Amino acid sequence: MALLEVRGVSKSFGAIRALTDVSFAIEPGEVVGLMGDNGAGKSTMVKLIAGNFPPNEGEVLVDGQVCHFHKPIEARAEGIEVVYQDLALADNLTAAQNVFLGREIKKGFWPFRILDKKAMIERSAALFAELKSETRPRDLVRKMSGGQRQAVAIARTRLSNAKLVMMDEPTAAISVRQVSEVLDLIRRLKAQGVSVMLISHRMPDVFAVCDRIIVMRRGTKVADKPKAETSPEEITGLITGAIREA
Amino acid sequence: MKPSHPDIASESKAASHAILDEVSDVREQSALQKLLRAQSFWVTVALAALMLGMSVLEPTFGSAENLGNISRNFAPFGIMALGMTVVLITGGIDLSVGSIMALVAIVAGLFLTWHYPWYVAFSMGMLTGVACGVVNGFFVAYLRMPSFVVTLGMMSFARSLAVVFSGNQMLYQFGPDAPIVKAIGQAKWPLREPAGWAPHWMPEFSSHFWTLIVLALIVGWIFNFTAWARHLFAIGGNEDAARLTGVPVDWIKFQAYVFSAFTASVAAILLLGYNGSALNALGTGYELRVIAATVIGGASLMGGYGTAFGAVVGAAFLEVIRNALLMAGVDSNWQGAFVGAFIVLAVLLGMQTGGTSLRALAQQWVPIRRR
């Protein structure tokens with residue numbers, strides 16, 4: 001059974017049709033690349049799956065159950081997490097504080113219910129070790145490299161035992177060495193049975209880690225192929241419209 | 001070591017990490033490094049030095065009487081600075097605290113002149129003050145208006161209400177509970193002989209000072225140990241991030257303005273008691289002094305940084321400068337110049353990049369002179 005299934009989803013914002021009859025499925029432990037030019041509907045798709053708004057038509061199924069999310073927090077409860085492009089980290093807090101932001105471990109009783117800092121630091125250290133990241137729990141995010149910030153954002157998704165992690169342009173605007181760090185992080189998520197949807201413009205990154213590639217153009221799905229059966233040239237043609245469909 | 005090809009990737013990785021550690025100096029700070037980098041620490045050192053120097057030069061400065069006076073004078077500012085710190089951490093500002101003080105004092109004063117018991121009068125004053133905070137918080141947090149504009153509006157509004165309610169009169173005929181009101185505002189502990197046990201060198205600390213200490217301990221505890229404060233700092237660091245992770249951003253920001261108004265109300269009640277009268281001009285210009293104290297103590301106007309200790313030390317610092325200048329016989333018109341200079345200096349020295357930016361500036365200039 002597919003972990004996530006999108007069935008005939010359409011979405012309009014007023015007169016603008018952002019998605020038209022899009023269907024696809026993601027299996028557990030699968031890494032799927034979602035590609036397309038600006039305005040192709042990638043971000044709308046991600047936001048819709050993440051529960052920012054419901055579709056006008058069609059449905060989203062998680063583990064075979066129809067889900068109608070109205071808030072991101074509902075999608076998160078079903079194990080769907082998004083790593084946003086700007087990473088949604090607070091610069092003035094440490095790695096551990098960011099990982100646990102909004103779901104701090106507490107101890108004691110009201111009104112003396114206090115943060116269990118030790119438990120949170122230990123748990124995030126374990127998460128970073130699991131991701132083989134050199135990030136330390138007490139490091140300030142302000143002083144981190146792009147790759148380390150990604151590690152913090154991804155550790156946050158591991159904390160909730162997410163089943164599907166959607167990453168929005170994780171390799172944009174970071175150095176080459178950090179890109180390989182991030183790709184390693186994606187491989188480790190996959191090794192732990194987590195499905196990843198990678199939204200990216202960077203062809204080499206997508207081909208390096210993805211099992212399957214979905215291409216969108218003008219709100220419709222124009223291709224959904226295993227990596228082995230396609231090539232960067234074909235994908236480029238599909239994105240630009242030189243190849244109509246595959 | 002074999003002279004064969006080393007593992008270039010891992011070596012360069014290790015090297016670049018070493019460089020990264022040097023460039024960003026410390027990523028993980030030890031307790032001592034944290035202390036040395038804290039602006040509040042250096043302000044405390046400066047404060048101690050100033051007080052020590054003054055006590056040597058001017059023996060009356062170090063007298064128990066004067067220390068008692070100083071600690072009473074800065075306490076209301078310290079109390080409000082605690083509230084202001086909470087607001088500044090969220091990245092906002094509260095310009096209305098001075099006017100809220102006046103309104104609280106006038107409302108409480110009116111109820112006293114109508115011969116209500118002191119607790120009714122104080123409660124009505126506190127309620128009015130907190131209501132102002134509720135309005136501020138609602139407009140800033142839920143209607144997403146800039147805090148500067150909203151609290152500027154409240155600054156004008158509350159002052160005007162205070163003037164109207166008071167009929168532009170000073171209120172001082174406080175009815176039967178007047179002695180209790182005075183006793184609360186003028187209470188001291190510990191008392192000296194014969195009334196108490198305190199030795200002659202110990203200042204008799206005012207109720208204002210003790211209120212500040214208790215509030216500062218509570219706020220400090222909250223800042224360090226609660227998830228609420230963690231969320232408060234996260235909002236200042238990255239409001240969108242906090243929202244995305246499910247932090248109740250609007251609710252917490254709302255509470256910050258209510259708390260700021262609450263601290264202003266407490267300060268107003270204490271001053272009302274101390275003065276034994278309510279004046280609609282109470283707190284005029286205090287908002288800027290409170291913001292100055294907070295900023296000297298290390299809070300950032302950009303949000304995300306601030307401590308309870310810093311708020312108290314910043315307020316103390318301003319008052320000690322004022323008092324020291326007075327004691328040294330400097331014309332009181334010079335006070336503003338000194339205070340202004342210290343604000344800029346403290347923030348410059350306390351900036352995380354303060355030293356580097358000075359160095360960079362020097363480096364920029366030096367080559368030009370050489371040419």
# chains A, B, ... in the order shown; residues from 1 in each chain; ligands from 1
$ residues_around --residues "Val222 in chain A" --least-positions-apart "3" --cutoff "12 Å" --atoms "only C-alpha atoms" --output "NGL selection string"
:A and (20-24 or 34-36 or 40-41 or 213-219 or 225 or 234-246)
$ residues_around --residues "range 47-57 of chain A" --least-positions-apart "2" --cutoff "6 Å" --atoms "only C-alpha atoms" --output "PyMOL selection string"
chain A and resi 9-11+44-45+69-72+75
$ interface_residues --of "chain A" --to "chain B" --cutoff "8 Å" --atoms "only C-alpha atoms" --output "count of residues only"
23
$ select_by_dssp --residues "range 77-218 of chain B" --states "strand (DSSP E or B)" --output "PyMOL selection string"
chain B and resi 171+188-189+192+198+205-206
$ residues_around --residues "Phe128 in chain A" --least-positions-apart "6" --cutoff "12 Å" --atoms "only C-alpha atoms" --output "list in words"
Ala95, Ala96, Val99, Ile121, Glu122, Glu134, Thr135, Arg136, Pro137, Arg138, Gln148, Arg149, Gln150, Ala151, Val152, Ala153, Ile154, Ala155, Arg156, Thr157, Arg158, Leu159, Leu185 and Arg188 of chain A
$ write_last_selection --atoms "N, CA and C atoms" --output "tab-separated table (two decimals), in the first residue's frame"
chain	number	residue	atom	x	y	z
A	95	ALA	N	20.96	24.37	18.42
A	95	ALA	CA	20.46	23.27	17.60
A	95	ALA	C	19.38	22.49	18.34
A	96	ALA	N	19.68	22.12	19.58
A	96	ALA	CA	18.72	21.32	20.35
A	96	ALA	C	17.43	22.09	20.59
A	99	VAL	N	15.46	21.95	17.41
A	99	VAL	CA	14.89	20.63	17.14
A	99	VAL	C	13.61	20.44	17.94
A	121	ILE	N	18.85	17.73	25.07
A	121	ILE	CA	20.19	17.77	24.49
A	121	ILE	C	20.65	16.36	24.14
A	122	GLU	N	20.37	15.41	25.04
A	122	GLU	CA	20.79	14.02	24.77
A	122	GLU	C	20.06	13.46	23.55
A	134	GLU	N	27.83	16.39	12.07
A	134	GLU	CA	28.75	16.86	13.10
A	134	GLU	C	28.14	17.95	13.98
A	135	THR	N	26.90	18.25	13.72
A	135	THR	CA	26.23	19.29	14.50
A	135	THR	C	26.19	18.90	15.97
A	136	ARG	N	26.49	19.87	16.84
A	136	ARG	CA	26.41	19.62	18.27
A	136	ARG	C	25.17	20.31	18.85
A	137	PRO	N	24.52	19.67	19.82
A	137	PRO	CA	23.23	20.18	20.31
A	137	PRO	C	23.30	21.61	20.85
A	138	ARG	N	24.45	21.99	21.42
A	138	ARG	CA	24.51	23.31	22.06
A	138	ARG	C	24.99	24.40	21.11
A	148	GLN	N	24.75	22.19	8.00
A	148	GLN	CA	24.39	21.90	9.39
A	148	GLN	C	22.96	22.33	9.70
A	149	ARG	N	22.56	23.46	9.11
A	149	ARG	CA	21.18	23.92	9.31
A	149	ARG	C	20.20	22.88	8.76
A	150	GLN	N	20.55	22.32	7.59
A	150	GLN	CA	19.71	21.27	7.03
A	150	GLN	C	19.61	20.10	8.00
A	151	ALA	N	20.75	19.77	8.60
A	151	ALA	CA	20.76	18.65	9.55
A	151	ALA	C	19.81	18.93	10.71
A	152	VAL	N	19.80	20.18	11.19
A	152	VAL	CA	18.91	20.54	12.30
A	152	VAL	C	17.45	20.39	11.85
A	153	ALA	N	17.17	20.91	10.65
A	153	ALA	CA	15.80	20.85	10.16
A	153	ALA	C	15.35	19.40	9.95
A	154	ILE	N	16.28	18.56	9.49
A	154	ILE	CA	15.93	17.16	9.25
A	154	ILE	C	15.81	16.39	10.57
A	155	ALA	N	16.70	16.73	11.53
A	155	ALA	CA	16.61	16.08	12.84
A	155	ALA	C	15.24	16.35	13.46
A	156	ARG	N	14.73	17.53	13.18
A	156	ARG	CA	13.41	17.88	13.70
A	156	ARG	C	12.34	16.93	13.14
A	157	THR	N	12.45	16.55	11.88
A	157	THR	CA	11.47	15.63	11.31
A	157	THR	C	11.65	14.22	11.86
A	158	ARG	N	12.90	13.87	12.20
A	158	ARG	CA	13.15	12.54	12.77
A	158	ARG	C	12.53	12.43	14.16
A	159	LEU	N	12.51	13.55	14.85
A	159	LEU	CA	12.00	13.57	16.21
A	159	LEU	C	10.56	13.08	16.26
A	185	LEU	N	22.30	13.03	3.94
A	185	LEU	CA	21.20	13.04	4.91
A	185	LEU	C	19.96	12.39	4.30
A	188	ARG	N	20.26	8.71	4.25
A	188	ARG	CA	20.09	8.12	5.57
A	188	ARG	C	18.63	8.04	5.97
$ select_by_dssp --residues "range 62-235 of chain A" --states "alpha helix (DSSP H)" --output "PyMOL selection string"
chain A and resi 72-77+95-99+117-130+146-159+176-191+203-209+232-235
$ closest_atom_pairs --of "range 198-269 of chain B" --to "range 116-133 of chain B" --cutoff "12 Å" --atoms "only C-alpha atoms" --output "JSON lines"
{"residue": "B:Lys253", "atom": "CA", "partner": "B:Gly133", "partner_atom": "CA", "distance": 11.0}
{"residue": "B:Phe254", "atom": "CA", "partner": "B:Gly133", "partner_atom": "CA", "distance": 8.3}
{"residue": "B:Gln255", "atom": "CA", "partner": "B:Gly133", "partner_atom": "CA", "distance": 8.5}
{"residue": "B:Ala256", "atom": "CA", "partner": "B:Gly133", "partner_atom": "CA", "distance": 8.6}
{"residue": "B:Tyr257", "atom": "CA", "partner": "B:Gly133", "partner_atom": "CA", "distance": 5.2}
{"residue": "B:Val258", "atom": "CA", "partner": "B:Gly133", "partner_atom": "CA", "distance": 4.1}
{"residue": "B:Phe259", "atom": "CA", "partner": "B:Gly133", "partner_atom": "CA", "distance": 7.3}
{"residue": "B:Ser260", "atom": "CA", "partner": "B:Gly133", "partner_atom": "CA", "distance": 7.0}
{"residue": "B:Ala261", "atom": "CA", "partner": "B:Gly133", "partner_atom": "CA", "distance": 4.8}
{"residue": "B:Phe262", "atom": "CA", "partner": "B:Val130", "partner_atom": "CA", "distance": 5.4}
{"residue": "B:Thr263", "atom": "CA", "partner": "B:Val130", "partner_atom": "CA", "distance": 9.0}
{"residue": "B:Ala264", "atom": "CA", "partner": "B:Gly129", "partner_atom": "CA", "distance": 7.5}
{"residue": "B:Ser265", "atom": "CA", "partner": "B:Gly129", "partner_atom": "CA", "distance": 5.5}
{"residue": "B:Val266", "atom": "CA", "partner": "B:Met126", "partner_atom": "CA", "distance": 7.2}
{"residue": "B:Ala267", "atom": "CA", "partner": "B:Met126", "partner_atom": "CA", "distance": 10.2}
{"residue": "B:Ala268", "atom": "CA", "partner": "B:Gly125", "partner_atom": "CA", "distance": 8.8}
{"residue": "B:Ile269", "atom": "CA", "partner": "B:Phe122", "partner_atom": "CA", "distance": 6.9}
$ write_last_selection --atoms "N, CA and C atoms" --output "PDB file, in the first residue's frame"
ATOM      1  N   LYS B 253       2.737  36.734  22.019  1.00  0.00           N
ATOM      2  CA  LYS B 253       3.003  38.157  21.813  1.00  0.00           C
ATOM      3  C   LYS B 253       1.981  38.999  22.583  1.00  0.00           C
ATOM      4  N   PHE B 254       0.741  38.571  22.538  1.00  0.00           N
ATOM      5  CA  PHE B 254      -0.310  39.251  23.285  1.00  0.00           C
ATOM      6  C   PHE B 254       0.051  39.318  24.774  1.00  0.00           C
ATOM      7  N   GLN B 255       0.468  38.175  25.310  1.00  0.00           N
ATOM      8  CA  GLN B 255       0.821  38.115  26.727  1.00  0.00           C
ATOM      9  C   GLN B 255       1.995  39.040  27.064  1.00  0.00           C
ATOM     10  N   ALA B 256       2.921  39.182  26.111  1.00  0.00           N
ATOM     11  CA  ALA B 256       4.087  40.034  26.356  1.00  0.00           C
ATOM     12  C   ALA B 256       3.651  41.476  26.627  1.00  0.00           C
ATOM     13  N   TYR B 257       2.710  41.991  25.834  1.00  0.00           N
ATOM     14  CA  TYR B 257       2.261  43.378  26.028  1.00  0.00           C
ATOM     15  C   TYR B 257       1.442  43.521  27.300  1.00  0.00           C
ATOM     16  N   VAL B 258       0.680  42.484  27.622  1.00  0.00           N
ATOM     17  CA  VAL B 258      -0.079  42.522  28.868  1.00  0.00           C
ATOM     18  C   VAL B 258       0.885  42.548  30.051  1.00  0.00           C
ATOM     19  N   PHE B 259       1.945  41.756  29.968  1.00  0.00           N
ATOM     20  CA  PHE B 259       2.912  41.723  31.069  1.00  0.00           C
ATOM     21  C   PHE B 259       3.616  43.071  31.214  1.00  0.00           C
ATOM     22  N   SER B 260       3.967  43.678  30.082  1.00  0.00           N
ATOM     23  CA  SER B 260       4.633  44.980  30.132  1.00  0.00           C
ATOM     24  C   SER B 260       3.729  46.009  30.820  1.00  0.00           C
ATOM     25  N   ALA B 261       2.457  46.004  30.456  1.00  0.00           N
ATOM     26  CA  ALA B 261       1.515  46.931  31.082  1.00  0.00           C
ATOM     27  C   ALA B 261       1.354  46.618  32.566  1.00  0.00           C
ATOM     28  N   PHE B 262       1.401  45.329  32.901  1.00  0.00           N
ATOM     29  CA  PHE B 262       1.295  44.911  34.296  1.00  0.00           C
ATOM     30  C   PHE B 262       2.452  45.483  35.116  1.00  0.00           C
ATOM     31  N   THR B 263       3.677  45.393  34.587  1.00  0.00           N
ATOM     32  CA  THR B 263       4.825  45.907  35.332  1.00  0.00           C
ATOM     33  C   THR B 263       4.718  47.422  35.489  1.00  0.00           C
ATOM     34  N   ALA B 264       4.217  48.108  34.445  1.00  0.00           N
ATOM     35  CA  ALA B 264       4.035  49.558  34.553  1.00  0.00           C
ATOM     36  C   ALA B 264       3.019  49.878  35.644  1.00  0.00           C
ATOM     37  N   SER B 265       1.977  49.060  35.748  1.00  0.00           N
ATOM     38  CA  SER B 265       0.946  49.287  36.765  1.00  0.00           C
ATOM     39  C   SER B 265       1.509  49.089  38.172  1.00  0.00           C
ATOM     40  N   VAL B 266       2.324  48.054  38.338  1.00  0.00           N
ATOM     41  CA  VAL B 266       2.933  47.803  39.649  1.00  0.00           C
ATOM     42  C   VAL B 266       3.804  48.994  40.043  1.00  0.00           C
ATOM     43  N   ALA B 267       4.616  49.466  39.088  1.00  0.00           N
ATOM     44  CA  ALA B 267       5.489  50.610  39.366  1.00  0.00           C
ATOM     45  C   ALA B 267       4.650  51.835  39.741  1.00  0.00           C
ATOM     46  N   ALA B 268       3.542  52.017  39.040  1.00  0.00           N
ATOM     47  CA  ALA B 268       2.684  53.179  39.299  1.00  0.00           C
ATOM     48  C   ALA B 268       2.097  53.129  40.702  1.00  0.00           C
ATOM     49  N   ILE B 269       1.640  51.956  41.118  1.00  0.00           N
ATOM     50  CA  ILE B 269       1.036  51.797  42.444  1.00  0.00           C
ATOM     51  C   ILE B 269       2.067  52.104  43.537  1.00  0.00           C
TER      52      ILE B 269
END
$ atom_distance --atom1 "CA of His208 in chain B" --atom2 "CA of Leu270 in chain B"
6.4 Å
$ closest_residue --among "B:Ala293, B:Leu318, B:Ile100, B:Ala346" --to "Phe41 in chain B" --atoms "only C-alpha atoms"
B:Ala346
$ residues_around --residues "range 200-210 of chain A" --least-positions-apart "5" --cutoff "8 Å" --atoms "only C-alpha atoms" --output "VMD selection string"
chain A and resid 30 to 37 168 to 172 183 186 to 187 227 232
$ write_last_selection --atoms "C-alpha atoms" --output "PDB file, in the first residue's frame"
ATOM      1  CA  GLU A  30      11.068   5.807  -1.645  1.00  0.00           C
ATOM      2  CA  VAL A  31      12.870   9.006  -2.649  1.00  0.00           C
ATOM      3  CA  VAL A  32      10.898  10.865  -5.279  1.00  0.00           C
ATOM      4  CA  GLY A  33      12.107  13.938  -7.111  1.00  0.00           C
ATOM      5  CA  LEU A  34       9.499  16.566  -7.946  1.00  0.00           C
ATOM      6  CA  MET A  35      10.718  18.799 -10.733  1.00  0.00           C
ATOM      7  CA  GLY A  36       9.282  21.598 -12.800  1.00  0.00           C
ATOM      8  CA  ASP A  37       9.863  25.172 -13.798  1.00  0.00           C
ATOM      9  CA  ASP A 168      11.762  22.245  -0.635  1.00  0.00           C
ATOM     10  CA  GLU A 169      14.973  23.188  -2.502  1.00  0.00           C
ATOM     11  CA  PRO A 170      17.298  21.922   0.242  1.00  0.00           C
ATOM     12  CA  THR A 171      20.394  22.285  -1.919  1.00  0.00           C
ATOM     13  CA  ALA A 172      19.771  25.761  -3.268  1.00  0.00           C
ATOM     14  CA  LEU A 183      22.321  14.322  -0.127  1.00  0.00           C
ATOM     15  CA  ILE A 186      18.516  12.135   2.373  1.00  0.00           C
ATOM     16  CA  ARG A 187      20.093   8.704   1.829  1.00  0.00           C
ATOM     17  CA  LYS A 227      15.328   7.185 -12.641  1.00  0.00           C
ATOM     18  CA  PRO A 232      18.643  14.515 -17.511  1.00  0.00           C
TER      19      PRO A 232
END
$ atom_distance --atom1 "CA of Val56 in chain B" --atom2 "CA of Arg192 in chain B"
24.3 Å
$ residues_around --residues "Thr284 in chain B" --least-positions-apart "4" --cutoff "9 Å" --atoms "only C-alpha atoms" --output "list of chain:residue names"
B:Gly98, B:Ser99, B:Met101, B:Ala102, B:Arg159, B:Asn280
$ write_last_selection --atoms "N, CA and C atoms" --output "PDB file, in the first residue's frame"
ATOM      1  N   GLY B  98       4.968  54.666  30.211  1.00  0.00           N
ATOM      2  CA  GLY B  98       4.933  55.882  31.020  1.00  0.00           C
ATOM      3  C   GLY B  98       3.512  56.404  31.176  1.00  0.00           C
ATOM      4  N   SER B  99       2.771  56.432  30.082  1.00  0.00           N
ATOM      5  CA  SER B  99       1.397  56.928  30.119  1.00  0.00           C
ATOM      6  C   SER B  99       0.490  55.984  30.896  1.00  0.00           C
ATOM      7  N   MET B 101       1.373  54.267  33.423  1.00  0.00           N
ATOM      8  CA  MET B 101       1.628  54.581  34.838  1.00  0.00           C
ATOM      9  C   MET B 101       0.718  55.708  35.314  1.00  0.00           C
ATOM     10  N   ALA B 102       0.655  56.775  34.526  1.00  0.00           N
ATOM     11  CA  ALA B 102      -0.143  57.935  34.911  1.00  0.00           C
ATOM     12  C   ALA B 102      -1.613  57.541  35.055  1.00  0.00           C
ATOM     13  N   ARG B 159      -2.372  58.827  28.382  1.00  0.00           N
ATOM     14  CA  ARG B 159      -2.011  60.101  29.026  1.00  0.00           C
ATOM     15  C   ARG B 159      -3.214  61.034  29.015  1.00  0.00           C
ATOM     16  N   ASN B 280      -1.180  63.367  37.075  1.00  0.00           N
ATOM     17  CA  ASN B 280      -1.355  62.863  35.710  1.00  0.00           C
ATOM     18  C   ASN B 280      -0.086  63.022  34.861  1.00  0.00           C
TER      19      ASN B 280
END
$ atom_distance --atom1 "CA of Pro146 in chain B" --atom2 "CA of Gly310 in chain B"
25.2 Å
